[in-house]
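*Asks:* Pasting my_file23.txt here (compact mmCIF, C-alpha atoms and all ligand atoms):
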# COMPACT_ATOMS: atom_id res chain seq x y z
CA MET V 1 -11.58 -6.61 71.27
CA VAL V 2 -13.69 -8.15 68.54
CA ALA V 3 -11.22 -6.99 65.87
CA ALA V 4 -8.32 -8.45 67.90
CA THR V 5 -10.07 -11.84 68.12
CA LEU V 6 -10.85 -11.86 64.42
CA GLU V 7 -7.29 -10.88 63.48
CA LYS V 8 -6.00 -13.94 65.33
CA ILE V 9 -8.10 -16.39 63.28
CA ARG V 10 -5.94 -17.74 60.47
CA PHE V 11 -6.63 -20.36 57.79
CA GLU V 12 -3.64 -22.23 56.44
CA LYS V 13 -4.39 -24.38 53.40
CA ALA V 14 -3.98 -28.13 53.96
CA SER V 15 -3.87 -28.93 50.22
CA ALA V 16 -4.16 -26.98 46.97
CA THR V 17 -7.86 -27.77 46.54
CA ILE V 18 -9.44 -28.57 49.91
CA GLY V 19 -9.04 -28.13 53.65
CA ALA V 20 -7.44 -25.62 56.01
CA ARG V 21 -5.85 -25.76 59.41
CA VAL V 22 -7.27 -23.08 61.68
CA ALA V 23 -5.26 -21.17 64.26
CA GLY V 24 -6.46 -18.56 66.72
CA VAL V 25 -9.74 -20.23 67.75
CA ALA V 26 -9.98 -21.52 71.33
CA LEU V 27 -11.95 -24.60 72.33
CA ASP V 28 -14.10 -22.34 74.53
CA GLN V 29 -14.29 -19.57 71.90
CA ALA V 30 -17.32 -17.32 72.42
CA ALA V 31 -19.83 -17.73 69.58
CA THR V 32 -20.07 -14.06 68.64
CA PRO V 33 -21.72 -13.26 65.28
CA GLU V 34 -18.36 -11.94 63.99
CA VAL V 35 -16.42 -15.12 64.86
CA MET V 36 -19.21 -17.31 63.47
CA GLN V 37 -19.19 -15.34 60.22
CA VAL V 38 -15.40 -15.69 59.77
CA LEU V 39 -15.61 -19.44 60.45
CA ARG V 40 -18.61 -19.85 58.15
CA GLU V 41 -16.81 -18.14 55.28
CA GLY V 42 -13.68 -20.22 55.90
CA LEU V 43 -15.71 -23.42 56.06
CA HIS V 44 -17.49 -22.80 52.77
CA GLU V 45 -14.29 -21.69 51.05
CA HIS V 46 -12.03 -24.54 52.23
CA GLY V 47 -14.69 -27.27 52.64
CA VAL V 48 -13.14 -28.77 55.76
CA LEU V 49 -11.44 -27.09 58.73
CA PHE V 50 -8.99 -28.75 61.11
CA PHE V 51 -8.38 -27.66 64.71
CA GLU V 52 -5.84 -29.11 67.13
CA PHE V 53 -6.56 -28.76 70.85
CA GLY V 54 -3.91 -31.20 72.08
CA GLN V 55 -6.09 -33.37 74.31
CA ILE V 56 -9.35 -35.32 74.11
CA VAL V 57 -12.30 -32.94 73.74
CA GLU V 58 -15.01 -33.85 76.25
CA ALA V 59 -18.70 -34.11 75.27
CA ALA V 60 -19.74 -30.77 76.82
CA GLU V 61 -16.76 -28.92 75.31
CA PHE V 62 -17.48 -30.51 71.95
CA ALA V 63 -21.16 -29.51 72.04
CA ARG V 64 -20.26 -25.93 72.92
CA PHE V 65 -17.56 -25.69 70.24
CA SER V 66 -19.98 -27.07 67.63
CA GLU V 67 -22.31 -24.13 68.25
CA LEU V 68 -19.73 -21.90 66.52
CA PHE V 69 -20.91 -23.43 63.25
CA GLY V 70 -24.69 -23.08 63.57
CA GLU V 71 -27.65 -24.84 65.13
CA VAL V 72 -26.67 -28.30 66.35
CA GLU V 73 -29.11 -31.08 65.33
CA PRO V 74 -30.47 -32.95 68.37
CA VAL V 75 -30.07 -36.29 66.57
CA TYR V 76 -28.47 -37.16 63.25
CA GLY V 77 -31.13 -38.29 60.76
CA PHE V 78 -30.79 -42.04 60.50
CA SER V 79 -31.26 -44.58 63.27
CA THR V 80 -30.04 -48.09 62.64
CA LYS V 81 -31.69 -51.47 63.11
CA ASP V 82 -29.02 -52.37 65.64
CA GLU V 83 -30.38 -51.38 69.09
CA ALA V 84 -26.90 -51.08 70.59
CA VAL V 85 -25.94 -48.48 67.98
CA SER V 86 -29.23 -46.56 68.25
CA ALA V 87 -28.92 -46.43 72.04
CA VAL V 88 -25.76 -44.29 71.85
CA LYS V 89 -26.64 -40.70 72.75
CA PRO V 90 -25.68 -37.91 70.31
CA GLY V 91 -22.29 -36.44 71.10
CA GLU V 92 -21.24 -39.45 73.16
CA SER V 93 -18.86 -41.67 71.24
CA CYS V 94 -21.35 -41.90 68.42
CA ILE V 95 -19.15 -43.71 65.95
CA ASP V 96 -17.54 -46.78 67.44
CA ALA V 97 -15.93 -49.12 64.93
CA ARG V 98 -16.70 -52.07 67.22
CA LEU V 99 -20.45 -51.31 67.04
CA GLN V 100 -20.45 -49.94 63.50
CA PRO V 101 -17.80 -51.76 61.46
CA LEU V 102 -16.76 -49.33 58.73
CA LYS V 103 -17.29 -51.61 55.74
CA GLN V 104 -20.63 -52.93 56.99
CA TYR V 105 -21.90 -49.39 57.65
CA ARG V 106 -20.44 -48.11 54.35
CA THR V 107 -18.56 -45.31 56.10
CA ASN V 108 -15.55 -46.22 53.95
CA MET V 109 -17.43 -45.15 50.81
CA TRP V 110 -17.45 -41.56 49.55
CA HIS V 111 -20.61 -39.75 50.66
CA SER V 112 -22.31 -36.68 52.07
CA ASP V 113 -24.41 -37.30 55.17
CA GLY V 114 -28.18 -37.60 55.05
CA THR V 115 -28.81 -36.70 51.40
CA PRO V 116 -32.02 -38.81 51.25
CA PHE V 117 -33.55 -36.15 53.52
CA GLU V 118 -35.09 -32.91 52.27
CA ARG V 119 -32.74 -30.96 54.52
CA PRO V 120 -29.47 -32.84 54.95
CA PRO V 121 -27.08 -31.48 57.58
CA GLN V 122 -25.14 -28.38 56.55
CA ALA V 123 -22.00 -29.41 58.37
CA ALA V 124 -20.65 -32.21 60.53
CA ILE V 125 -18.06 -32.16 63.28
CA LEU V 126 -15.90 -35.03 64.48
CA THR V 127 -13.36 -35.48 67.25
CA PRO V 128 -11.85 -38.67 68.64
CA VAL V 129 -12.82 -40.19 71.98
CA GLU V 130 -10.38 -43.00 71.34
CA PRO V 131 -8.22 -42.44 68.25
CA PRO V 132 -6.71 -45.50 66.56
CA GLN V 133 -3.10 -46.24 67.49
CA LEU V 134 -2.33 -46.32 63.79
CA GLY V 135 -4.30 -45.45 60.64
CA GLY V 136 -8.10 -45.17 60.59
CA GLY V 137 -8.09 -41.60 59.33
CA THR V 138 -10.76 -39.73 57.40
CA MET V 139 -10.56 -38.33 53.87
CA TRP V 140 -12.48 -35.51 52.21
CA SER V 141 -13.00 -34.78 48.52
CA SER V 142 -13.80 -31.29 47.18
CA MET V 143 -17.04 -31.19 45.20
CA TYR V 144 -16.05 -27.75 43.87
CA ALA V 145 -12.92 -29.38 42.40
CA ALA V 146 -14.96 -32.35 41.16
CA TYR V 147 -17.37 -30.04 39.32
CA GLU V 148 -14.64 -27.76 38.00
CA GLY V 149 -12.62 -30.80 36.88
CA LEU V 150 -15.32 -31.80 34.38
CA SER V 151 -15.41 -30.60 30.78
CA SER V 152 -17.92 -27.84 30.01
CA HIS V 153 -19.99 -30.45 28.11
CA TYR V 154 -20.40 -32.66 31.19
CA GLN V 155 -20.98 -29.59 33.37
CA ARG V 156 -23.86 -28.51 31.11
CA LEU V 157 -25.32 -32.03 31.03
CA LEU V 158 -25.26 -32.31 34.83
CA GLU V 159 -26.64 -28.81 35.44
CA GLY V 160 -29.93 -29.88 33.88
CA LEU V 161 -30.31 -33.10 35.87
CA GLU V 162 -31.90 -34.12 39.15
CA VAL V 163 -30.89 -37.07 41.29
CA VAL V 164 -32.96 -39.45 43.40
CA HIS V 165 -31.26 -40.01 46.77
CA GLY V 166 -32.39 -42.97 48.85
CA THR V 167 -31.51 -45.74 51.26
CA MET V 168 -31.21 -48.61 48.75
CA ARG V 169 -27.51 -49.14 49.63
CA THR V 170 -27.93 -48.76 53.40
CA PRO V 171 -29.95 -51.83 54.49
CA PHE V 172 -28.84 -51.25 58.11
CA VAL V 173 -30.98 -48.11 58.59
CA LYS V 174 -34.33 -48.50 60.28
CA GLU V 175 -36.39 -46.08 58.20
CA THR V 176 -36.27 -45.53 54.47
CA ALA V 177 -36.09 -42.04 53.00
CA GLN V 178 -36.03 -40.63 49.51
CA MET V 179 -35.51 -37.14 48.13
CA ILE V 180 -34.74 -35.48 44.81
CA HIS V 181 -31.90 -32.93 44.70
CA PRO V 182 -30.15 -31.14 41.80
CA ALA V 183 -27.04 -32.92 40.45
CA VAL V 184 -25.14 -29.62 40.70
CA ILE V 185 -25.73 -27.17 43.53
CA ARG V 186 -24.51 -23.64 44.16
CA ASP V 187 -22.95 -22.79 47.50
CA PRO V 188 -24.80 -19.79 48.94
CA VAL V 189 -21.68 -18.34 50.62
CA THR V 190 -19.00 -18.69 47.90
CA GLY V 191 -21.35 -18.71 44.89
CA ARG V 192 -19.34 -21.65 43.48
CA GLN V 193 -21.00 -24.69 41.92
CA ALA V 194 -20.45 -28.15 43.38
CA LEU V 195 -21.20 -31.71 42.28
CA PHE V 196 -23.93 -33.21 44.48
CA VAL V 197 -23.85 -36.93 43.64
CA ASN V 198 -22.53 -39.49 46.14
CA SER V 199 -21.91 -43.21 46.09
CA ILE V 200 -23.93 -44.17 49.19
CA TYR V 201 -27.20 -42.35 48.60
CA SER V 202 -27.42 -41.18 44.96
CA GLU V 203 -29.47 -43.83 43.16
CA ARG V 204 -30.35 -42.52 39.69
CA PHE V 205 -30.78 -39.49 37.49
CA LEU V 206 -34.44 -38.67 37.19
CA GLU V 207 -34.29 -37.56 33.55
CA LEU V 208 -32.08 -40.35 32.13
CA SER V 209 -32.75 -43.93 31.07
CA GLU V 210 -31.59 -46.61 33.48
CA ARG V 211 -28.55 -47.47 31.32
CA GLU V 212 -27.55 -43.82 30.88
CA SER V 213 -28.03 -43.16 34.56
CA ASP V 214 -26.02 -46.20 35.73
CA SER V 215 -23.16 -45.35 33.42
CA LEU V 216 -23.00 -41.66 34.42
CA MET V 217 -23.30 -42.52 38.14
CA HIS V 218 -20.43 -44.98 37.84
CA PHE V 219 -18.27 -42.37 36.10
CA LEU V 220 -19.02 -39.73 38.77
CA PHE V 221 -18.30 -42.11 41.68
CA GLU V 222 -14.89 -42.74 40.11
CA HIS V 223 -14.40 -39.03 39.44
CA VAL V 224 -14.97 -38.13 43.13
CA ASN V 225 -12.17 -40.58 43.92
CA THR V 226 -9.57 -38.43 42.08
CA PRO V 227 -6.60 -37.91 44.47
CA GLU V 228 -6.11 -34.27 43.40
CA PHE V 229 -9.50 -33.41 44.94
CA HIS V 230 -8.59 -34.92 48.33
CA VAL V 231 -7.22 -34.16 51.77
CA ALA V 232 -6.73 -36.75 54.52
CA ILE V 233 -5.93 -36.74 58.23
CA THR V 234 -5.31 -39.23 60.97
CA TRP V 235 -6.93 -38.57 64.33
CA LYS V 236 -4.89 -37.36 67.29
CA PRO V 237 -6.26 -36.53 70.75
CA GLY V 238 -7.81 -33.06 70.40
CA THR V 239 -8.17 -33.03 66.60
CA VAL V 240 -11.51 -31.52 65.58
CA ALA V 241 -12.59 -31.62 61.93
CA VAL V 242 -15.56 -29.57 60.72
CA TRP V 243 -16.79 -30.04 57.18
CA GLU V 244 -19.36 -28.41 54.96
CA GLU V 245 -21.51 -31.32 53.79
CA ARG V 246 -22.64 -29.82 50.47
CA VAL V 247 -19.28 -28.91 48.97
CA THR V 248 -17.36 -31.98 50.16
CA GLN V 249 -17.70 -35.72 50.49
CA HIS V 250 -15.95 -37.82 53.09
CA ARG V 251 -15.04 -41.41 53.86
CA ALA V 252 -13.25 -43.26 56.62
CA VAL V 253 -10.15 -45.36 55.97
CA ASP V 254 -10.87 -48.88 57.16
CA SER V 255 -7.29 -49.77 58.01
CA PHE V 256 -6.28 -49.18 61.60
CA VAL V 257 -4.76 -50.65 64.73
CA GLY V 258 -6.56 -50.41 68.08
CA GLN V 259 -9.99 -48.91 68.73
CA ARG V 260 -11.67 -46.17 66.73
CA ARG V 261 -14.26 -44.08 68.57
CA LEU V 262 -15.27 -40.61 67.40
CA ARG V 263 -17.80 -38.08 68.64
CA ARG V 264 -19.99 -36.59 65.97
CA LEU V 265 -22.45 -33.71 65.85
CA THR V 266 -24.23 -32.27 62.85
CA ILE V 267 -25.45 -28.76 62.05
CA LYS V 268 -28.93 -28.13 60.65
CA GLY V 269 -29.19 -27.34 56.96
CA ASP V 270 -31.68 -26.27 54.30
CA LYS V 271 -32.63 -27.97 51.07
CA PRO V 272 -29.62 -27.90 48.71
CA ALA V 273 -30.34 -25.61 45.75
CA ALA V 274 -28.97 -25.22 42.24
FE FE A 301 -20.62 -39.71 57.02
Go ahead and render the structure in this file as structure tokens.
Ligand SMILES: [Fe+2]

*Replies:*
Amino acid sequence: MVAATLEKIRFEKASATIGARVAGVALDQAATPEVMQVLREGLHEHGVLFFEFGQIVEAAEFARFSELFGEVEPVYGFSTKDEAVSAVKPGESCIDARLQPLKQYRTNMWHSDGTPFERPPQAAILTPVEPPQLGGGTMWSSMYAAYEGLSSHYQRLLEGLEVVHGTMRTPFVKETAQMIHPAVIRDPVTGRQALFVNSIYSERFLELSERESDSLMHFLFEHVNTPEFHVAITWKPGTVAVWEERVTQHRAVDSFVGQRRLRRLTIKGDKPAA
């Protein structure tokens, strides 16, 4: 029975470098250790997984499905100064473009979630409550590909560096946070190295002068934006995207018609390690 279930789970690449569409996993799939292991390996290998369930996924179904990927965080790290946004309960239309305009909330900039925390989320899961009529998709960039796309000289330089992550560029969050992480991390499942520098939270390299740091940061933010590292989707009723936060970055596309409301949950993580 277990073997039959596992045989049905298939990953079909969505691009050469990042993303896979998953078949053979039901919305009410039982979270057995074997299924969770197959999904975990697929998630870390492909960076982002896409599921299509054909109709809007309700809050309870979404919460249950999310448990396939680990321990769901009760609340995502940051609360915002805007009371109306903070009042939204986790899992219930958490990201509403009317309450959190994408540009103002910087969700249209490449980032990993919560990197100013010691333990940023390991994964995040999104599904639409109200998908846009047109546009408003989400993009992901492979940080394996970003690291591997650098020359060995830049790889060696970055391997020795640490990065200060903070809330300098997110004036809308209520609390400030700051944490130092390695510039290059190693994924514990695949063993592959990944660039861990993002344009919302990465502020400076600890070991470099301000000028060196600014220049290298600017280069890396551009580098993450290389189309060959990317995969993009638009949201349909029943689309669920699950991404591994450490080996990918994501951004929303702030060009859409209609409303844009998405449910989000995050999975607990450890401190990223080199
Ligand atoms: Fe995000």

*Asks:* As an exercise, work out the distance from atom CA of His218 of chain V to atom CA of Val253 of chain V in Å and give it to one decimal place.

*Replies:*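 A separation of 20.8 Å between them.
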
*Asks:* Grab me every residue within 12 Å of ligand FE 301 (chain A), counting all atoms listed in the file, and send it over as a PDB file with C-alpha atoms, in the frame of the given file.

*Replies:*
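Result file follows (result05.pdb):
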ATOM      1  CA  TYR V  76     -28.470 -37.160  63.250  1.00  0.00           C
ATOM      2  CA  GLY V  77     -31.130 -38.290  60.760  1.00  0.00           C
ATOM      3  CA  PHE V  78     -30.790 -42.040  60.500  1.00  0.00           C
ATOM      4  CA  CYS V  94     -21.350 -41.900  68.420  1.00  0.00           C
ATOM      5  CA  ILE V  95     -19.150 -43.710  65.950  1.00  0.00           C
ATOM      6  CA  LEU V 102     -16.760 -49.330  58.730  1.00  0.00           C
ATOM      7  CA  TYR V 105     -21.900 -49.390  57.650  1.00  0.00           C
ATOM      8  CA  ARG V 106     -20.440 -48.110  54.350  1.00  0.00           C
ATOM      9  CA  THR V 107     -18.560 -45.310  56.100  1.00  0.00           C
ATOM     10  CA  ASN V 108     -15.550 -46.220  53.950  1.00  0.00           C
ATOM     11  CA  MET V 109     -17.430 -45.150  50.810  1.00  0.00           C
ATOM     12  CA  TRP V 110     -17.450 -41.560  49.550  1.00  0.00           C
ATOM     13  CA  HIS V 111     -20.610 -39.750  50.660  1.00  0.00           C
ATOM     14  CA  SER V 112     -22.310 -36.680  52.070  1.00  0.00           C
ATOM     15  CA  ASP V 113     -24.410 -37.300  55.170  1.00  0.00           C
ATOM     16  CA  GLY V 114     -28.180 -37.600  55.050  1.00  0.00           C
ATOM     17  CA  THR V 115     -28.810 -36.700  51.400  1.00  0.00           C
ATOM     18  CA  PRO V 120     -29.470 -32.840  54.950  1.00  0.00           C
ATOM     19  CA  PRO V 121     -27.080 -31.480  57.580  1.00  0.00           C
ATOM     20  CA  ALA V 123     -22.000 -29.410  58.370  1.00  0.00           C
ATOM     21  CA  ALA V 124     -20.650 -32.210  60.530  1.00  0.00           C
ATOM     22  CA  ILE V 125     -18.060 -32.160  63.280  1.00  0.00           C
ATOM     23  CA  LEU V 126     -15.900 -35.030  64.480  1.00  0.00           C
ATOM     24  CA  THR V 138     -10.760 -39.730  57.400  1.00  0.00           C
ATOM     25  CA  MET V 139     -10.560 -38.330  53.870  1.00  0.00           C
ATOM     26  CA  TRP V 140     -12.480 -35.510  52.210  1.00  0.00           C
ATOM     27  CA  ASN V 198     -22.530 -39.490  46.140  1.00  0.00           C
ATOM     28  CA  SER V 199     -21.910 -43.210  46.090  1.00  0.00           C
ATOM     29  CA  ILE V 200     -23.930 -44.170  49.190  1.00  0.00           C
ATOM     30  CA  TYR V 201     -27.200 -42.350  48.600  1.00  0.00           C
ATOM     31  CA  VAL V 242     -15.560 -29.570  60.720  1.00  0.00           C
ATOM     32  CA  TRP V 243     -16.790 -30.040  57.180  1.00  0.00           C
ATOM     33  CA  GLU V 244     -19.360 -28.410  54.960  1.00  0.00           C
ATOM     34  CA  GLU V 245     -21.510 -31.320  53.790  1.00  0.00           C
ATOM     35  CA  THR V 248     -17.360 -31.980  50.160  1.00  0.00           C
ATOM     36  CA  GLN V 249     -17.700 -35.720  50.490  1.00  0.00           C
ATOM     37  CA  HIS V 250     -15.950 -37.820  53.090  1.00  0.00           C
ATOM     38  CA  ARG V 251     -15.040 -41.410  53.860  1.00  0.00           C
ATOM     39  CA  ALA V 252     -13.250 -43.260  56.620  1.00  0.00           C
ATOM     40  CA  VAL V 253     -10.150 -45.360  55.970  1.00  0.00           C
ATOM     41  CA  LEU V 262     -15.270 -40.610  67.400  1.00  0.00           C
ATOM     42  CA  ARG V 264     -19.990 -36.590  65.970  1.00  0.00           C
ATOM     43  CA  LEU V 265     -22.450 -33.710  65.850  1.00  0.00           C
ATOM     44  CA  THR V 266     -24.230 -32.270  62.850  1.00  0.00           C
TER      45      THR V 266
END

*Asks:* If I take atom CA of Thr190 of chain V and atom CA of Val38 of chain V, how far is one from the other in Å, to one decimal?

*Replies:* 12.8 Å

*Asks:* Nearest to Gln55 of chain V: which of V:Val247, V:Thr127, V:Leu216, V:Tyr144 is it, counting only C-alpha atoms?

*Replies:*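 With only C-alpha atoms as the atom set, the closest residue is V:Thr127.
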
*Asks:* At what distance in Å, to one decimal, does atom CA of Glu45 of chain V lie from atom CA of Asp28 of chain V?

*Replies:*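 Separation of atom CA of Asp28 of chain V and atom CA of Glu45 of chain V: 23.5 Å.
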
*Asks:* Counting only C-alpha atoms, which of V:Ser202, V:Ser66, V:Ser15, V:Gln259 gets nearest to Val231 of chain V?

*Replies:*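 Result for the nearest residue to Val231 of chain V: V:Ser15.
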
*Asks:* Please list as a PyMOL selection string every residue within 6 Å of Thr239 of chain V, counting all atoms listed in the file and excluding residues in the same chain fewer than 3 positions away.

*Replies:* chain V and resi 51-52+127+236

*Asks:* Restricting the calculation to all atoms listed in the file: of V:Ile18, V:Val35, V:Leu195, V:Met179, which residue gets closest to His230 of chain V?

*Replies:*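 Between V:Ile18, V:Val35, V:Leu195, V:Met179, the residue approaching His230 of chain V most closely is V:Ile18.
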
*Asks:* V:Phe256, V:Phe11, V:Phe50, V:Phe221: which is nearest Glu203 of chain V, counting all atoms listed in the file?

*Replies:*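 Smallest distance to Glu203 of chain V is found for V:Phe221.
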
*Asks:* Of the residues V:Pro188, V:Pro101, V:Gly269, V:Gly258, which is the one nearest to Glu41 of chain V, using only C-alpha atoms?

*Replies:*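 Under the stated criterion, the closest residue is V:Pro188.
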